[in-house]
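Here's work-v8.txt, which has compact mmCIF, C-alpha atoms and all ligand atoms:
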```
# COMPACT_ATOMS: atom_id res chain seq x y z
CA LEU A 29 -12.43 -8.30 -3.53
CA SER A 30 -14.43 -11.46 -3.77
CA LYS A 31 -13.05 -14.68 -2.34
CA GLY A 32 -12.41 -16.22 -5.75
CA GLU A 33 -10.35 -13.25 -6.86
CA CYS A 34 -8.33 -13.32 -3.68
CA ARG A 35 -7.14 -16.85 -4.34
CA LEU A 36 -5.56 -15.93 -7.64
CA HIS A 37 -2.32 -14.52 -6.25
CA GLU A 38 0.79 -15.64 -8.05
CA CYS A 39 2.88 -15.49 -4.88
CA GLY A 40 1.12 -18.62 -3.60
CA LEU A 41 -0.43 -16.73 -0.69
CA SER A 42 -3.97 -15.41 -0.51
CA VAL A 43 -5.75 -12.55 1.17
CA GLU A 44 -7.59 -15.07 3.33
CA ASN A 45 -4.40 -16.91 4.24
CA PRO A 46 -1.29 -14.72 4.16
CA GLY A 47 0.76 -17.13 6.30
CA ASP A 48 0.98 -18.61 9.82
CA ASN A 49 -0.53 -16.30 12.44
CA LEU A 50 -0.94 -13.59 9.81
CA ILE A 51 -4.06 -11.74 8.68
CA LEU A 52 -4.46 -9.22 5.88
CA ARG A 53 -6.98 -6.46 6.56
CA PRO A 54 -7.59 -2.71 6.16
CA LEU A 55 -5.71 -0.35 8.48
CA SER A 56 -7.68 0.26 11.67
CA ALA A 57 -7.74 2.96 14.34
CA ASP A 58 -6.03 0.53 16.76
CA ASP A 59 -3.00 0.09 14.57
CA TYR A 60 -1.15 2.97 16.20
CA ASP A 61 -0.60 0.54 19.09
CA LYS A 62 0.41 -2.29 16.74
CA GLY A 63 3.47 -0.55 15.37
CA PHE A 64 2.11 1.02 12.18
CA LEU A 65 4.31 4.09 12.42
CA GLN A 66 7.38 2.05 13.38
CA LEU A 67 6.76 0.00 10.25
CA LEU A 68 6.57 3.15 8.12
CA GLY A 69 9.77 4.24 9.85
CA GLN A 70 11.54 1.42 7.99
CA LEU A 71 10.66 3.22 4.74
CA THR A 72 11.33 6.88 5.54
CA LYS A 73 11.21 9.57 8.21
CA VAL A 74 7.92 9.53 10.13
CA GLY A 75 8.57 12.16 12.78
CA GLU A 76 6.77 12.64 16.09
CA VAL A 77 3.20 11.44 15.55
CA THR A 78 1.00 11.23 18.64
CA LYS A 79 -1.97 8.85 18.77
CA GLU A 80 -4.26 11.88 18.55
CA LYS A 81 -2.60 13.04 15.33
CA TYR A 82 -2.67 9.51 13.95
CA LEU A 83 -6.42 9.24 14.61
CA GLU A 84 -7.07 12.66 13.12
CA ARG A 85 -5.32 11.69 9.87
CA PHE A 86 -6.92 8.23 9.90
CA HIS A 87 -10.41 9.74 10.13
CA ALA A 88 -9.59 12.43 7.54
CA MET A 89 -8.61 9.67 5.09
CA GLN A 90 -11.70 7.65 5.98
CA SER A 91 -13.91 10.64 5.23
CA CYS A 92 -12.69 10.74 1.60
CA PRO A 93 -14.89 8.11 -0.04
CA SER A 94 -13.29 5.64 -2.45
CA THR A 95 -9.86 7.23 -2.23
CA TYR A 96 -7.53 5.76 0.43
CA TYR A 97 -7.11 2.00 0.62
CA LEU A 98 -4.57 1.18 3.31
CA ILE A 99 -3.98 -2.50 3.95
CA VAL A 100 -1.84 -4.16 6.59
CA ILE A 101 -0.69 -7.64 7.53
CA GLU A 102 -0.80 -8.33 11.27
CA ASP A 103 0.95 -11.07 13.20
CA VAL A 104 -2.01 -11.81 15.47
CA GLU A 105 0.09 -13.73 17.99
CA LEU A 106 2.34 -10.73 18.52
CA ALA A 107 -0.44 -8.13 17.90
CA LYS A 108 2.08 -6.40 15.65
CA LEU A 109 1.91 -5.21 12.05
CA VAL A 110 4.49 -6.80 9.77
CA ALA A 111 3.60 -5.22 6.41
CA CYS A 112 1.58 -2.42 4.94
CA GLY A 113 0.72 -0.76 1.65
CA THR A 114 -1.57 1.89 0.23
CA LEU A 115 -3.58 2.37 -2.93
CA VAL A 116 -4.66 5.96 -3.54
CA VAL A 117 -7.38 6.38 -6.15
CA GLU A 118 -7.28 9.78 -7.78
CA GLN A 119 -10.26 11.20 -9.67
CA LYS A 120 -9.64 12.59 -13.15
CA PHE A 121 -11.53 14.32 -15.94
CA ILE A 122 -9.43 12.66 -18.63
CA HIS A 123 -10.03 9.20 -20.10
CA ASP A 124 -13.80 9.60 -19.84
CA ILE A 125 -13.84 10.73 -16.22
CA ALA A 126 -11.43 8.03 -15.17
CA VAL A 127 -9.70 7.19 -11.93
CA ARG A 128 -6.03 6.35 -11.63
CA GLY A 129 -4.22 4.47 -8.87
CA ARG A 130 -1.01 5.18 -7.01
CA ILE A 131 0.70 2.54 -4.93
CA GLU A 132 2.37 4.08 -1.91
CA ASP A 133 4.19 3.30 1.31
CA ILE A 134 4.86 -0.39 0.83
CA VAL A 135 6.80 -1.80 3.78
CA VAL A 136 7.60 -5.30 5.00
CA ASP A 137 9.08 -5.56 8.49
CA ASN A 138 12.76 -6.52 8.55
CA SER A 139 11.92 -9.68 10.52
CA CYS A 140 9.51 -10.89 7.81
CA ARG A 141 11.47 -10.53 4.60
CA GLY A 142 11.47 -13.47 2.21
CA LYS A 143 7.97 -14.71 3.05
CA LYS A 144 6.41 -13.19 -0.07
CA ILE A 145 4.14 -10.97 1.95
CA GLY A 146 5.41 -7.89 0.10
CA LYS A 147 4.29 -9.59 -3.10
CA LEU A 148 0.92 -10.34 -1.57
CA ILE A 149 0.46 -6.69 -0.56
CA VAL A 150 1.36 -5.32 -4.02
CA GLU A 151 -0.66 -7.95 -5.91
CA THR A 152 -3.66 -7.23 -3.72
CA LEU A 153 -3.43 -3.47 -4.31
CA ILE A 154 -3.04 -3.92 -8.08
CA LEU A 155 -6.04 -6.26 -8.18
CA LEU A 156 -8.03 -3.77 -6.13
CA GLY A 157 -7.02 -0.88 -8.40
CA LYS A 158 -8.07 -2.86 -11.45
CA LYS A 159 -11.37 -3.77 -9.87
CA LEU A 160 -12.02 -0.14 -8.93
CA GLY A 161 -11.60 0.80 -12.58
CA CYS A 162 -8.22 2.56 -12.51
CA TYR A 163 -7.03 3.16 -16.06
CA LYS A 164 -3.44 3.01 -14.80
CA ILE A 165 -1.51 2.41 -11.62
CA SER A 166 1.92 3.85 -10.88
CA LEU A 167 4.49 3.99 -8.12
CA GLU A 168 7.91 5.41 -7.33
CA CYS A 169 10.76 3.32 -5.98
CA LYS A 170 14.50 3.33 -5.45
CA ASP A 171 16.82 1.48 -7.87
CA PRO A 172 17.34 -1.66 -5.72
CA LEU A 173 13.58 -2.26 -5.65
CA LEU A 174 13.11 -2.09 -9.43
CA PRO A 175 13.35 -5.90 -9.90
CA PHE A 176 10.75 -6.35 -7.15
CA TYR A 177 8.23 -3.96 -8.70
CA THR A 178 8.78 -4.80 -12.37
CA GLN A 179 7.68 -8.40 -11.68
CA PHE A 180 4.11 -7.09 -11.38
CA GLY A 181 4.15 -5.70 -14.90
CA LEU A 182 4.93 -2.13 -13.83
CA LYS A 183 7.48 -0.53 -16.10
CA HIS A 184 9.13 2.70 -17.16
CA GLU A 185 7.03 4.42 -19.77
CA ASP A 186 8.66 5.98 -22.81
CA LYS A 187 8.71 9.76 -22.70
CA GLN A 188 7.41 9.88 -19.12
CA ASN A 189 9.71 11.15 -16.37
CA TYR A 190 9.23 11.27 -12.63
CA LEU A 191 9.95 14.80 -11.41
CA CYS A 192 9.96 15.93 -7.80
CA LYS A 193 10.48 19.11 -5.78
CA ARG A 194 11.03 18.87 -2.04
CA PHE A 195 10.17 21.39 0.67
C1 LIG B 1 8.97 5.22 -1.72
C2 LIG B 1 7.54 4.73 -1.62
C3 LIG B 1 6.60 5.91 -1.54
C4 LIG B 1 6.96 6.67 -0.29
C5 LIG B 1 8.37 7.19 -0.42
C6 LIG B 1 8.82 7.91 0.82
C7 LIG B 1 6.60 2.70 -2.53
C8 LIG B 1 6.23 1.92 -3.74
N1 LIG B 1 7.20 3.87 -2.73
O1 LIG B 1 9.16 5.89 -2.92
O2 LIG B 1 5.28 5.47 -1.49
O3 LIG B 1 6.02 7.68 -0.02
O4 LIG B 1 9.25 6.07 -0.62
O5 LIG B 1 10.09 8.41 0.63
O6 LIG B 1 6.35 2.26 -1.42
P1 LIG B 1 10.40 9.95 0.88
O7 LIG B 1 10.23 10.15 2.35
O8 LIG B 1 11.79 10.11 0.43
O9 LIG B 1 9.39 10.74 0.10
```
Step by step, read the file and then write its structure as C-alpha cells.
Ligand code: 16G
Amino acid sequence: LSKGECRLHECGLSVENPGDNLILRPLSADDYDKGFLQLLGQLTKVGEVTKEKYLERFHAMQSCPSTYYLIVIEDVELAKLVACGTLVVEQKFIHDIAVRGRIEDIVVDNSCRGKKIGKLIVETLILLGKKLGCYKISLECKDPLLPFYTQFGLKHEDKQNYLCKRF
C-alpha cells in the first residue's frame, strides 16, 4: 500500500502510526518469540506448536506467491505482538480469472481492546484485498462480533449460507 492510501483509515489511525510504541508490519520469522501463537490462542485452540513447526509453516506460506498476507501490530517497547490478522487471496477461474479474499484470524490482545487497532487491522486488509484485485472479500465470525465486522461494509448475502464440517 502506498503512503497516501495508508492515511485514509476511518479509525483515525494509520499503517505508519498505529499508536504509541506500536508498529504495523508483516508477520516475521521472529514473531514466535513475540507471542504470536499466544495471541492466536485468544481466538481459538492453537495446540503445541514448536518454533521449528512455526518456521516450517511460515516458510511454506511465504513460498506461495501472492497468497498469504499476515499482518501484526507489535508493541516495540515490550517486543510483544498485540494484534494480528490475515488476508488469504484465493485464485479462481470464475469472474474472468479473478481472485477473492478471505479475512482470517483477527485477534487483538485483551490488554489492548478499545484502541481501534482491530479496526486498523481489518481496514488495512480490506484495502489490501481491494488493491490486489479481489472481486470479493469474506469472513466468518461469531454473533457478538457481527456489529464489529458489519461496520466495514461486510454483510450477509441473500441466498448464501456458511456451511462447515469439522474433523
Ligand atoms: C473466527 C475467525 C477465523 C478463525 C476461526 C477459528 C475472523 C474474522 N474469523 O471465525 O478466521 O479461523 O475463528 O475458529 O477472525 P475455529 O477454531 O472454531 O475454527
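For the choices A:Pro172, A:Val110, A:Leu67, A:Glu185, the atom-to-atom distance to A:Arg53 is smallest for A:Val110 when using only C-alpha atoms.
Counting from atom CA of A:Asp59, the distance to atom CA of A:Thr114 is 14.5 Å.
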(Q) Which residue is closest to ligand LIG 1 (chain B)? Choose from A:Ser139, A:Thr72, A:Thr152, A:Thr178 and count all atoms listed in the file. (A)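 Result for the nearest residue to ligand LIG 1 (chain B): A:Thr72.
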Q. What does the distance from atom CA of A:Ala107 to atom CA of A:Asp61 come to in Å, to one decimal?
A.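 Atom-to-atom, atom CA of A:Ala107 to atom CA of A:Asp61, that is 8.8 Å.
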Q) If you count all atoms listed in the file, which residues end up within 8 Å of ligand LIG 1 (chain B), as a PyMOL selection string? A) chain A and resi 71-73+113-114+131-135+167-170+177
Q: Write out as a VMD selection string each polymer residue whose atoms come within 12 Å of A:Gly181, counting all atoms listed in the file; drop sequence neighbours fewer than 6 positions from it.
A: chain A and resid 150 to 151 154 164 to 167 174 to 175
Q. Restricting the calculation to only C-alpha atoms, which member of A:Cys92, A:Leu68, A:Leu106, A:Leu173 is positioned closest to A:Val136?
A.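 Of A:Cys92, A:Leu68, A:Leu106, A:Leu173, the one nearest A:Val136, counting only C-alpha atoms, is A:Leu68.
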Q. Mind pulling up the distance from atom CA of A:Asn49 to atom CA of A:Leu155?
A. 23.6 Å
Q) Which one is closest to A:Gln66: A:Lys108, A:Lys187, A:His123, A:Arg130? Count only C-alpha atoms. A)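 Closest to A:Gln66 of all the choices is A:Lys108.
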Q | Pick from A:Ile149, A:Cys162, A:Ile101, A:Ile51, whichever lies nearest to A:Lys120 using all atoms listed in the file | A |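 Going through A:Ile149, A:Cys162, A:Ile101, A:Ile51 one by one, the smallest distance to A:Lys120 is for A:Cys162.
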With the input short on atoms, add N, CA and C atoms back to stretch 80-92 of chain A and write it as a tab-separated table (two decimals), in the coordinates of the input.
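Heads up, here's the output in part-v6.tsv:
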```tsv
chain	number	residue	atom	x	y	z
A	80	GLU	N	-3.22	10.91	18.93
A	80	GLU	CA	-4.26	11.88	18.55
A	80	GLU	C	-4.09	12.32	17.09
A	81	LYS	N	-2.85	12.61	16.72
A	81	LYS	CA	-2.60	13.04	15.33
A	81	LYS	C	-2.83	11.88	14.36
A	82	TYR	N	-2.43	10.69	14.79
A	82	TYR	CA	-2.67	9.51	13.95
A	82	TYR	C	-4.17	9.35	13.69
A	83	LEU	N	-4.97	9.44	14.75
A	83	LEU	CA	-6.42	9.24	14.61
A	83	LEU	C	-7.05	10.34	13.75
A	84	GLU	N	-6.55	11.54	13.92
A	84	GLU	CA	-7.07	12.66	13.12
A	84	GLU	C	-6.84	12.40	11.63
A	85	ARG	N	-5.63	11.97	11.28
A	85	ARG	CA	-5.32	11.69	9.87
A	85	ARG	C	-6.08	10.46	9.38
A	86	PHE	N	-6.18	9.44	10.25
A	86	PHE	CA	-6.92	8.23	9.90
A	86	PHE	C	-8.36	8.57	9.54
A	87	HIS	N	-9.01	9.40	10.38
A	87	HIS	CA	-10.41	9.74	10.13
A	87	HIS	C	-10.55	10.68	8.92
A	88	ALA	N	-9.56	11.54	8.72
A	88	ALA	CA	-9.59	12.43	7.54
A	88	ALA	C	-9.54	11.59	6.26
A	89	MET	N	-8.68	10.56	6.26
A	89	MET	CA	-8.61	9.67	5.09
A	89	MET	C	-9.92	8.91	4.92
A	90	GLN	N	-10.45	8.43	6.03
A	90	GLN	CA	-11.70	7.65	5.98
A	90	GLN	C	-12.85	8.48	5.44
A	91	SER	N	-12.79	9.79	5.66
A	91	SER	CA	-13.91	10.64	5.23
A	91	SER	C	-13.83	11.00	3.74
A	92	CYS	N	-12.76	10.57	3.06
A	92	CYS	CA	-12.69	10.74	1.60
A	92	CYS	C	-13.15	9.44	0.97
```
